[in-house]
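Below is the file target.cif, which contains mmCIF, C-alpha atoms and all ligand atoms.
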data_input
#
loop_
_atom_site.label_atom_id
_atom_site.label_comp_id
_atom_site.auth_asym_id
_atom_site.auth_seq_id
_atom_site.Cartn_x
_atom_site.Cartn_y
_atom_site.Cartn_z
CA MET A 1 -105.26 55.92 -19.00
CA ALA A 2 -103.17 58.40 -17.04
CA SER A 3 -105.24 61.00 -15.23
CA ASP A 4 -102.79 63.72 -14.27
CA ILE A 5 -100.23 64.87 -16.83
CA THR A 6 -97.84 67.81 -16.58
CA PHE A 7 -95.40 68.70 -19.32
CA HIS A 8 -92.34 70.53 -17.98
CA TYR A 9 -90.23 72.55 -20.41
CA PHE A 10 -88.83 75.98 -21.11
CA HIS A 11 -90.78 78.80 -22.74
CA GLY A 12 -90.81 78.51 -26.52
CA ARG A 13 -91.02 75.55 -28.88
CA GLY A 14 -87.47 74.16 -28.58
CA ILE A 15 -87.29 70.39 -28.61
CA GLY A 16 -90.47 70.06 -26.55
CA GLU A 17 -93.10 71.38 -28.93
CA PRO A 18 -93.87 68.08 -30.71
CA ILE A 19 -94.90 66.62 -27.35
CA ARG A 20 -97.25 69.53 -26.67
CA LEU A 21 -98.67 69.14 -30.19
CA LEU A 22 -99.14 65.39 -29.83
CA LEU A 23 -101.07 65.74 -26.56
CA THR A 24 -103.09 68.57 -28.09
CA VAL A 25 -103.97 66.71 -31.28
CA GLY A 26 -104.93 63.68 -29.17
CA GLU A 27 -107.06 65.93 -26.95
CA ILE A 28 -105.31 64.75 -23.80
CA ALA A 29 -105.61 67.32 -21.02
CA PHE A 30 -102.23 68.38 -19.63
CA THR A 31 -100.65 71.17 -17.65
CA ASP A 32 -98.13 72.99 -19.81
CA ARG A 33 -95.62 74.16 -17.17
CA ARG A 34 -93.05 76.51 -18.66
CA TYR A 35 -89.84 77.74 -17.02
CA SER A 36 -87.32 80.47 -17.68
CA VAL A 37 -83.68 79.41 -17.92
CA ASP A 38 -82.85 81.15 -14.62
CA GLU A 39 -85.85 79.70 -12.84
CA PHE A 40 -84.92 76.15 -13.87
CA ALA A 41 -81.26 76.66 -12.97
CA ASN A 42 -82.32 77.44 -9.40
CA MET A 43 -84.65 74.48 -8.91
CA ALA A 44 -82.27 71.88 -7.51
CA ALA A 45 -85.01 69.85 -5.78
CA PHE A 46 -87.12 69.72 -8.94
CA LYS A 47 -84.12 68.83 -11.12
CA ALA A 48 -83.29 65.97 -8.78
CA GLN A 49 -86.68 64.43 -9.59
CA LEU A 50 -85.97 64.44 -13.34
CA PRO A 51 -84.48 61.17 -14.59
CA PHE A 52 -81.63 62.96 -16.41
CA GLY A 53 -81.78 66.35 -14.68
CA GLN A 54 -82.99 67.97 -17.90
CA MET A 55 -86.18 68.95 -19.68
CA PRO A 56 -88.41 68.22 -21.45
CA ALA A 57 -89.95 66.02 -18.79
CA LEU A 58 -93.38 64.49 -18.63
CA GLU A 59 -94.93 63.90 -15.22
CA VAL A 60 -97.59 61.21 -15.41
CA ASP A 61 -99.46 60.57 -12.19
CA GLY A 62 -96.38 61.62 -10.21
CA VAL A 63 -93.86 59.64 -12.31
CA PHE A 64 -91.25 61.76 -14.11
CA LEU A 65 -90.10 60.69 -17.57
CA GLY A 66 -87.26 62.20 -19.58
CA GLN A 67 -85.72 62.15 -23.07
CA THR A 68 -87.69 63.89 -25.80
CA ASP A 69 -87.88 60.89 -28.10
CA SER A 70 -89.22 58.58 -25.37
CA ILE A 71 -91.76 61.11 -24.12
CA ALA A 72 -92.97 61.85 -27.65
CA ARG A 73 -93.40 58.12 -28.31
CA LEU A 74 -95.38 57.76 -25.07
CA ALA A 75 -97.55 60.74 -26.05
CA ALA A 76 -98.09 59.11 -29.45
CA ARG A 77 -99.14 55.86 -27.79
CA LEU A 78 -101.47 57.64 -25.36
CA THR A 79 -103.11 59.49 -28.23
CA GLY A 80 -103.37 56.60 -30.69
CA LEU A 81 -100.84 58.26 -32.99
CA TYR A 82 -98.24 55.49 -32.76
CA PRO A 83 -98.63 52.91 -35.56
CA SER A 84 -99.72 49.47 -34.37
CA ASP A 85 -97.99 47.61 -37.21
CA PRO A 86 -94.34 46.92 -36.16
CA ILE A 87 -92.86 47.87 -39.52
CA GLU A 88 -94.90 51.05 -39.76
CA ALA A 89 -93.91 51.79 -36.15
CA ALA A 90 -90.23 51.39 -37.08
CA ARG A 91 -90.69 53.58 -40.15
CA SER A 92 -92.27 56.24 -37.97
CA ASP A 93 -89.39 55.92 -35.47
CA MET A 94 -86.74 56.39 -38.17
CA ILE A 95 -88.53 59.43 -39.58
CA VAL A 96 -88.81 60.99 -36.13
CA VAL A 97 -85.07 60.42 -35.54
CA HIS A 98 -84.24 61.89 -38.94
CA GLN A 99 -86.21 65.09 -38.35
CA ALA A 100 -84.64 65.40 -34.88
CA GLU A 101 -81.20 65.26 -36.51
CA ILE A 102 -82.18 68.28 -38.59
CA GLN A 103 -83.01 70.11 -35.35
CA SER A 104 -79.70 69.07 -33.75
CA ALA A 105 -77.76 70.30 -36.76
CA LEU A 106 -79.46 73.69 -36.47
CA ALA A 107 -78.85 73.82 -32.72
CA LYS A 108 -75.13 73.10 -33.22
CA MET A 109 -74.91 75.99 -35.68
CA SER A 110 -76.85 78.32 -33.36
CA PHE A 111 -75.72 77.71 -29.76
CA GLU A 112 -72.50 77.37 -27.83
CA GLY A 113 -73.05 75.32 -24.69
CA VAL A 114 -76.09 73.37 -23.53
CA PRO A 115 -79.39 75.01 -24.53
CA GLY A 116 -81.42 76.04 -21.48
CA THR A 117 -78.41 76.65 -19.21
CA PRO A 118 -77.40 80.11 -18.03
CA GLY A 119 -73.92 79.64 -19.59
CA MET A 120 -75.31 79.06 -23.08
CA LYS A 121 -74.45 81.66 -25.72
CA MET A 122 -75.92 82.20 -29.14
CA VAL A 123 -73.36 82.01 -31.95
CA PRO A 124 -72.95 85.63 -33.14
CA GLN A 125 -75.71 86.45 -35.61
CA GLU A 126 -73.54 87.02 -38.67
CA GLU A 127 -71.65 83.76 -38.17
CA ARG A 128 -74.88 81.87 -37.44
CA GLN A 129 -76.54 83.17 -40.58
CA LYS A 130 -73.48 82.25 -42.65
CA ARG A 131 -73.41 78.69 -41.28
CA ILE A 132 -77.14 78.16 -41.69
CA ALA A 133 -77.22 79.62 -45.22
CA ALA A 134 -74.46 77.21 -46.30
CA TRP A 135 -76.26 74.26 -44.66
CA LEU A 136 -79.56 75.20 -46.34
CA GLU A 137 -77.76 75.01 -49.70
CA THR A 138 -75.59 71.96 -49.20
CA THR A 139 -77.05 69.59 -46.60
CA LEU A 140 -80.72 70.26 -46.04
CA PRO A 141 -81.99 69.51 -49.59
CA GLY A 142 -80.67 65.93 -49.36
CA ALA A 143 -82.23 65.44 -45.92
CA LEU A 144 -85.59 66.72 -47.22
CA ARG A 145 -85.36 64.63 -50.40
CA ARG A 146 -85.06 61.50 -48.27
CA LEU A 147 -88.13 62.49 -46.27
CA GLU A 148 -90.04 63.36 -49.45
CA LYS A 149 -89.23 59.94 -50.89
CA LEU A 150 -90.51 58.20 -47.75
CA SER A 151 -93.74 60.16 -47.49
CA GLN A 152 -97.09 58.88 -48.72
CA GLU A 153 -100.01 61.00 -49.84
CA GLY A 154 -100.64 63.45 -46.98
CA CYS A 155 -98.89 61.40 -44.31
CA MET A 156 -95.43 60.07 -43.59
CA VAL A 157 -96.31 56.46 -42.79
CA GLY A 158 -99.13 54.22 -44.04
CA SER A 159 -102.40 55.97 -44.67
CA GLN A 160 -103.19 57.42 -41.25
CA LEU A 161 -102.03 60.40 -39.29
CA SER A 162 -99.20 59.43 -36.93
CA TRP A 163 -96.68 61.04 -34.61
CA ALA A 164 -94.26 61.14 -37.56
CA ASP A 165 -96.58 63.66 -39.26
CA ILE A 166 -96.75 65.84 -36.15
CA CYS A 167 -92.96 65.76 -35.69
CA VAL A 168 -92.32 66.48 -39.38
CA PHE A 169 -94.87 69.32 -39.32
CA ASN A 170 -93.06 70.83 -36.35
CA ARG A 171 -89.68 70.54 -38.07
CA LEU A 172 -90.96 72.01 -41.33
CA ASN A 173 -92.35 74.93 -39.32
CA GLN A 174 -88.90 75.55 -37.90
CA LEU A 175 -87.37 75.42 -41.39
CA LEU A 176 -90.09 77.64 -42.89
CA ASP A 177 -89.39 80.20 -40.16
CA ILE A 178 -85.81 80.31 -41.42
CA ASP A 179 -86.58 80.20 -45.15
CA ALA A 180 -90.17 80.59 -46.31
CA ASP A 181 -89.26 78.94 -49.65
CA VAL A 182 -87.62 75.88 -48.17
CA LEU A 183 -90.20 73.47 -49.57
CA HIS A 184 -90.68 75.15 -52.98
CA ALA A 185 -91.82 72.89 -55.81
CA ASP A 186 -89.43 70.05 -55.01
CA PHE A 187 -91.25 68.72 -51.96
CA PRO A 188 -94.99 68.48 -52.72
CA LYS A 189 -95.56 65.50 -50.43
CA LEU A 190 -93.90 67.20 -47.48
CA GLN A 191 -95.95 70.30 -48.21
CA ALA A 192 -99.08 68.10 -48.15
CA VAL A 193 -98.09 66.60 -44.78
CA HIS A 194 -97.46 70.09 -43.43
CA ASP A 195 -100.80 71.36 -44.71
CA ARG A 196 -102.73 68.37 -43.41
CA VAL A 197 -101.41 68.79 -39.87
CA ASP A 198 -101.70 72.57 -40.07
CA ALA A 199 -105.39 72.20 -40.95
CA LEU A 200 -106.25 70.11 -37.87
CA PRO A 201 -108.59 72.19 -35.71
CA GLN A 202 -106.61 71.29 -32.57
CA VAL A 203 -103.40 72.55 -34.21
CA GLN A 204 -105.04 75.74 -35.43
CA ALA A 205 -106.40 76.43 -31.95
CA TRP A 206 -103.00 75.70 -30.37
CA ILE A 207 -101.19 78.07 -32.73
CA ARG A 208 -103.81 80.78 -32.19
CA ALA A 209 -103.33 80.42 -28.44
CA HIS A 210 -99.49 80.50 -28.66
CA GLN A 211 -98.73 83.15 -31.25
CA ASP A 212 -95.52 84.22 -29.53
CA ASP A 213 -94.13 80.78 -30.36
CA TYR A 214 -95.39 80.97 -33.95
CA PRO A 215 -94.29 84.34 -35.35
CA ARG A 216 -94.80 83.17 -38.94
CA PHE A 217 -98.44 82.44 -38.19
CA ARG A 218 -99.24 85.83 -36.67
CA ALA A 219 -101.26 88.57 -38.35
CA GLY A 220 -104.27 86.56 -39.39
CA GLY A 221 -102.35 83.61 -40.77
CA GLU A 222 -101.88 84.86 -44.31
CA ASN A 223 -98.36 83.49 -44.18
CA ARG A 224 -99.27 80.14 -42.74
CA SER A 225 -97.98 77.46 -45.07
CA ARG A 226 -95.77 78.77 -47.77
N1 LIG B 301 -81.24 64.17 -24.73
C1 LIG B 301 -82.15 65.09 -24.07
C2 LIG B 301 -81.56 66.48 -24.11
C3 LIG B 301 -82.33 67.41 -23.22
C4 LIG B 301 -81.73 68.79 -23.15
O1 LIG B 301 -80.64 69.07 -23.70
N2 LIG B 301 -82.44 69.67 -22.47
C5 LIG B 301 -82.00 71.01 -22.29
C6 LIG B 301 -83.02 72.01 -22.89
S1 LIG B 301 -83.34 71.76 -24.61
C7 LIG B 301 -81.94 71.32 -20.80
O2 LIG B 301 -82.68 70.74 -20.00
N3 LIG B 301 -81.06 72.27 -20.43
C8 LIG B 301 -80.93 72.69 -19.07
C9 LIG B 301 -79.91 71.89 -18.31
O3 LIG B 301 -79.25 71.01 -18.90
O4 LIG B 301 -79.73 72.18 -17.13
C10 LIG B 301 -83.53 65.02 -24.71
O5 LIG B 301 -83.61 64.69 -25.91
O6 LIG B 301 -84.52 65.28 -24.06
#

Would you mind writing the file's structure down as structure tokens?
Amino acid sequence: MASDITFHYFHGRGIGEPIRLLLTVGEIAFTDRRYSVDEFANMAAFKAQLPFGQMPALEVDGVFLGQTDSIARLAARLTGLYPSDPIEAARSDMIVVHQAEIQSALAKMSFEGVPGTPGMKMVPQEERQKRIAAWLETTLPGALRRLEKLSQEGCMVGSQLSWADICVFNRLNQLLDIDADVLHADFPKLQAVHDRVDALPQVQAWIRAHQDDYPRFRAGGENRSR
């Protein structure tokens, strides 16, 4: 088992949060090193150590690993949250890719340029809201229906908590931040997955400790799930 783990990423949840959550749920100690965009832009020597020059990056006993999907899968393996059955593993992989595509679609509607670079611009608010509102109506319901159909009772794959649940929880959080009614009555299984992960004591403690990243969960948590 690795002894010294540092997670390198920007402030905020971004694409890195599932990795933080996985390590947290698995109770693996790690240093959560966060950077500002300007700080990272000026760290040529550090960037040169990153396999693809970008974050998130996981440093495990001095070895740097890149690519969100690969790091999240490693975190899932380290924490016992990666299914051992090959078919269940593949089902968890496809679900994780699917929820990441939802994030990429939102990022495309929200940013111009590469997120985390000084040249990046937000799409003007009015235009962004217009694009996202249309996508919420036309595209997202189908994407959520497919996830709902795949989910079991309280988890996405098999009968045990897996990294797919953590990644889906994180994505649903992002969607609920945008539209608190996004799950409404049509997605009871996804709601159950969300609520199961939300109820984990490690997740509750993490959210309490990082309220700036979880605005919807502030003020005593009365707005936590729905
Ligand atoms: N395919 C990569 C994309 C990583 C990526 O785009 N990282 C951005 C932040 S979300 C970044 O490091 N931006 C700063 C830069 O490119 O210099 C992954 O999934 O990890």

Residues up to 6 Å from ligand LIG 301 (chain B), counting all atoms listed in the file: could you list those as an mmCIF file with C-alpha atoms, in the coordinates of the input?
data_model
loop_
_atom_site.group_PDB
_atom_site.id
_atom_site.type_symbol
_atom_site.label_atom_id
_atom_site.label_comp_id
_atom_site.auth_asym_id
_atom_site.auth_seq_id
_atom_site.Cartn_x
_atom_site.Cartn_y
_atom_site.Cartn_z
ATOM 1 C CA ILE A 15 -87.290 70.390 -28.610
ATOM 2 C CA GLN A 54 -82.990 67.970 -17.900
ATOM 3 C CA MET A 55 -86.180 68.950 -19.680
ATOM 4 C CA PRO A 56 -88.410 68.220 -21.450
ATOM 5 C CA GLN A 67 -85.720 62.150 -23.070
ATOM 6 C CA THR A 68 -87.690 63.890 -25.800
ATOM 7 C CA VAL A 114 -76.090 73.370 -23.530
ATOM 8 C CA PRO A 115 -79.390 75.010 -24.530
ATOM 9 C CA GLY A 116 -81.420 76.040 -21.480
ATOM 10 C CA THR A 117 -78.410 76.650 -19.210
#

Non-local contacts of range 179-182 of chain A (12 Å; all atoms listed in the file; under 2 positions in same chain excluded) as a count of residues only: 31

What does the structure give for the distance between CA of Ile5 in chain A and CA of Glu59 in chain A, in Å to one decimal?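 It comes out at 5.6 Å.
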
What does the structure give for the distance between CA of Gln160 in chain A and CA of Ala29 in chain A, in Å to one decimal? 22.7 Å

Hey, what's within 12 Å of range 96-100 of chain A if we count only C-alpha atoms and toss same-chain stuff fewer than 6 positions away? As a VMD selection string, please? chain A and resid 14 to 18 68 to 70 72 to 73 76 82 89 to 90 106 to 107 140 142 to 148 150 156 to 157 162 to 175

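Between Met109 in chain A and the residues A:Ala134, A:Met94, A:Ile71, A:Val60, the shortest atom-to-atom distance, using all atoms listed in the file, involves A:Ala134.
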
Would you pull range 173-220 of chain A out of the block just shown and save N, CA and C atoms as a CSV table (one decimal), in the first residue's frame?
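Result file selection.csv:
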chain,number,residue,atom,x,y,z
A,173,ASN,N,-24.5,16.1,-7.8
A,173,ASN,CA,-24.3,17.3,-7.0
A,173,ASN,C,-24.2,18.5,-7.9
A,174,GLN,N,-23.3,18.3,-9.0
A,174,GLN,CA,-23.1,19.4,-9.9
A,174,GLN,C,-24.4,19.8,-10.5
A,175,LEU,N,-25.2,18.8,-10.9
A,175,LEU,CA,-26.5,19.1,-11.6
A,175,LEU,C,-27.5,19.7,-10.7
A,176,LEU,N,-27.5,19.2,-9.4
A,176,LEU,CA,-28.4,19.8,-8.4
A,176,LEU,C,-28.1,21.2,-8.1
A,177,ASP,N,-26.8,21.6,-8.2
A,177,ASP,CA,-26.4,23.0,-8.0
A,177,ASP,C,-27.0,23.9,-9.1
A,178,ILE,N,-27.2,23.3,-10.3
A,178,ILE,CA,-27.7,24.1,-11.4
A,178,ILE,C,-29.2,24.1,-11.3
A,179,ASP,N,-29.8,23.0,-11.0
A,179,ASP,CA,-31.3,22.9,-11.0
A,179,ASP,C,-31.7,21.9,-9.9
A,180,ALA,N,-32.2,22.5,-8.8
A,180,ALA,CA,-32.5,21.7,-7.6
A,180,ALA,C,-33.5,20.6,-7.9
A,181,ASP,N,-34.3,20.7,-9.0
A,181,ASP,CA,-35.3,19.8,-9.3
A,181,ASP,C,-34.9,18.8,-10.3
A,182,VAL,N,-33.6,18.7,-10.6
A,182,VAL,CA,-33.2,17.9,-11.8
A,182,VAL,C,-33.6,16.4,-11.6
A,183,LEU,N,-33.6,15.9,-10.4
A,183,LEU,CA,-34.0,14.5,-10.3
A,183,LEU,C,-35.5,14.2,-10.2
A,184,HIS,N,-36.2,15.2,-9.8
A,184,HIS,CA,-37.7,15.1,-9.5
A,184,HIS,C,-38.1,13.6,-9.4
A,185,ALA,N,-39.4,13.3,-9.8
A,185,ALA,CA,-39.9,12.0,-9.5
A,185,ALA,C,-39.4,10.9,-10.5
A,186,ASP,N,-38.8,11.4,-11.6
A,186,ASP,CA,-38.4,10.4,-12.6
A,186,ASP,C,-37.2,9.6,-12.3
A,187,PHE,N,-36.4,10.0,-11.3
A,187,PHE,CA,-35.1,9.3,-11.2
A,187,PHE,C,-35.0,8.8,-9.7
A,188,PRO,N,-35.9,7.9,-9.2
A,188,PRO,CA,-35.8,7.5,-7.8
A,188,PRO,C,-34.6,6.7,-7.5
A,189,LYS,N,-34.1,6.0,-8.5
A,189,LYS,CA,-32.9,5.1,-8.1
A,189,LYS,C,-31.6,6.0,-8.1
A,190,LEU,N,-31.6,7.0,-8.9
A,190,LEU,CA,-30.4,7.9,-8.9
A,190,LEU,C,-30.5,8.8,-7.6
A,191,GLN,N,-31.7,9.1,-7.2
A,191,GLN,CA,-31.8,9.9,-5.9
A,191,GLN,C,-31.3,9.0,-4.8
A,192,ALA,N,-31.7,7.7,-4.8
A,192,ALA,CA,-31.2,6.8,-3.8
A,192,ALA,C,-29.7,6.6,-3.7
A,193,VAL,N,-29.1,6.6,-4.9
A,193,VAL,CA,-27.6,6.5,-5.0
A,193,VAL,C,-27.0,7.8,-4.3
A,194,HIS,N,-27.6,8.9,-4.8
A,194,HIS,CA,-27.1,10.2,-4.2
A,194,HIS,C,-27.2,10.2,-2.7
A,195,ASP,N,-28.4,9.8,-2.2
A,195,ASP,CA,-28.7,9.9,-0.8
A,195,ASP,C,-27.8,8.9,0.0
A,196,ARG,N,-27.5,7.7,-0.6
A,196,ARG,CA,-26.7,6.8,0.1
A,196,ARG,C,-25.2,7.3,0.3
A,197,VAL,N,-24.7,7.9,-0.8
A,197,VAL,CA,-23.3,8.4,-0.7
A,197,VAL,C,-23.3,9.6,0.2
A,198,ASP,N,-24.3,10.5,0.0
A,198,ASP,CA,-24.4,11.7,0.9
A,198,ASP,C,-24.4,11.3,2.4
A,199,ALA,N,-25.0,10.2,2.7
A,199,ALA,CA,-25.2,9.8,4.1
A,199,ALA,C,-23.9,9.2,4.7
A,200,LEU,N,-22.9,8.9,3.9
A,200,LEU,CA,-21.7,8.3,4.4
A,200,LEU,C,-21.0,9.3,5.4
A,201,PRO,N,-20.6,8.9,6.6
A,201,PRO,CA,-20.0,9.8,7.5
A,201,PRO,C,-18.8,10.5,6.9
A,202,GLN,N,-18.0,9.8,6.1
A,202,GLN,CA,-16.8,10.4,5.6
A,202,GLN,C,-17.2,11.6,4.6
A,203,VAL,N,-18.3,11.3,3.9
A,203,VAL,CA,-18.7,12.4,2.9
A,203,VAL,C,-19.3,13.6,3.6
A,204,GLN,N,-20.1,13.3,4.7
A,204,GLN,CA,-20.6,14.4,5.4
A,204,GLN,C,-19.5,15.2,6.1
A,205,ALA,N,-18.5,14.6,6.6
A,205,ALA,CA,-17.4,15.3,7.2
A,205,ALA,C,-16.6,16.1,6.2
A,206,TRP,N,-16.4,15.5,5.0
A,206,TRP,CA,-15.7,16.2,3.9
A,206,TRP,C,-16.5,17.5,3.5
A,207,ILE,N,-17.8,17.3,3.3
A,207,ILE,CA,-18.6,18.5,2.9
A,207,ILE,C,-18.6,19.6,4.0
A,208,ARG,N,-18.7,19.1,5.2
A,208,ARG,CA,-18.7,20.1,6.3
A,208,ARG,C,-17.4,20.9,6.3
A,209,ALA,N,-16.3,20.2,6.0
A,209,ALA,CA,-15.0,20.8,6.0
A,209,ALA,C,-14.7,21.6,4.8
A,210,HIS,N,-15.5,21.5,3.7
A,210,HIS,CA,-15.2,22.2,2.4
A,210,HIS,C,-16.5,22.9,1.9
A,211,GLN,N,-17.1,23.7,2.8
A,211,GLN,CA,-18.4,24.3,2.5
A,211,GLN,C,-18.3,25.3,1.3
A,212,ASP,N,-17.1,25.9,1.1
A,212,ASP,CA,-17.0,26.8,0.0
A,212,ASP,C,-17.2,26.1,-1.3
A,213,ASP,N,-16.8,24.8,-1.4
A,213,ASP,CA,-17.0,24.0,-2.6
A,213,ASP,C,-18.4,23.4,-2.7
A,214,TYR,N,-19.2,23.5,-1.6
A,214,TYR,CA,-20.5,22.9,-1.6
A,214,TYR,C,-21.6,23.9,-1.2
A,215,PRO,N,-21.8,25.0,-2.0
A,215,PRO,CA,-22.7,26.0,-1.6
A,215,PRO,C,-24.1,25.5,-1.3
A,216,ARG,N,-24.5,24.5,-2.0
A,216,ARG,CA,-25.9,24.0,-1.8
A,216,ARG,C,-26.0,23.3,-0.4
A,217,PHE,N,-24.9,23.0,0.2
A,217,PHE,CA,-25.0,22.2,1.4
A,217,PHE,C,-24.7,23.1,2.6
A,218,ARG,N,-24.5,24.4,2.3
A,218,ARG,CA,-24.3,25.3,3.5
A,218,ARG,C,-25.5,25.5,4.3
A,219,ALA,N,-25.4,26.3,5.3
A,219,ALA,CA,-26.5,26.7,6.2
A,219,ALA,C,-27.2,25.5,6.8
A,220,GLY,N,-26.4,24.7,7.4
A,220,GLY,CA,-27.0,23.6,8.2
A,220,GLY,C,-27.5,22.4,7.4
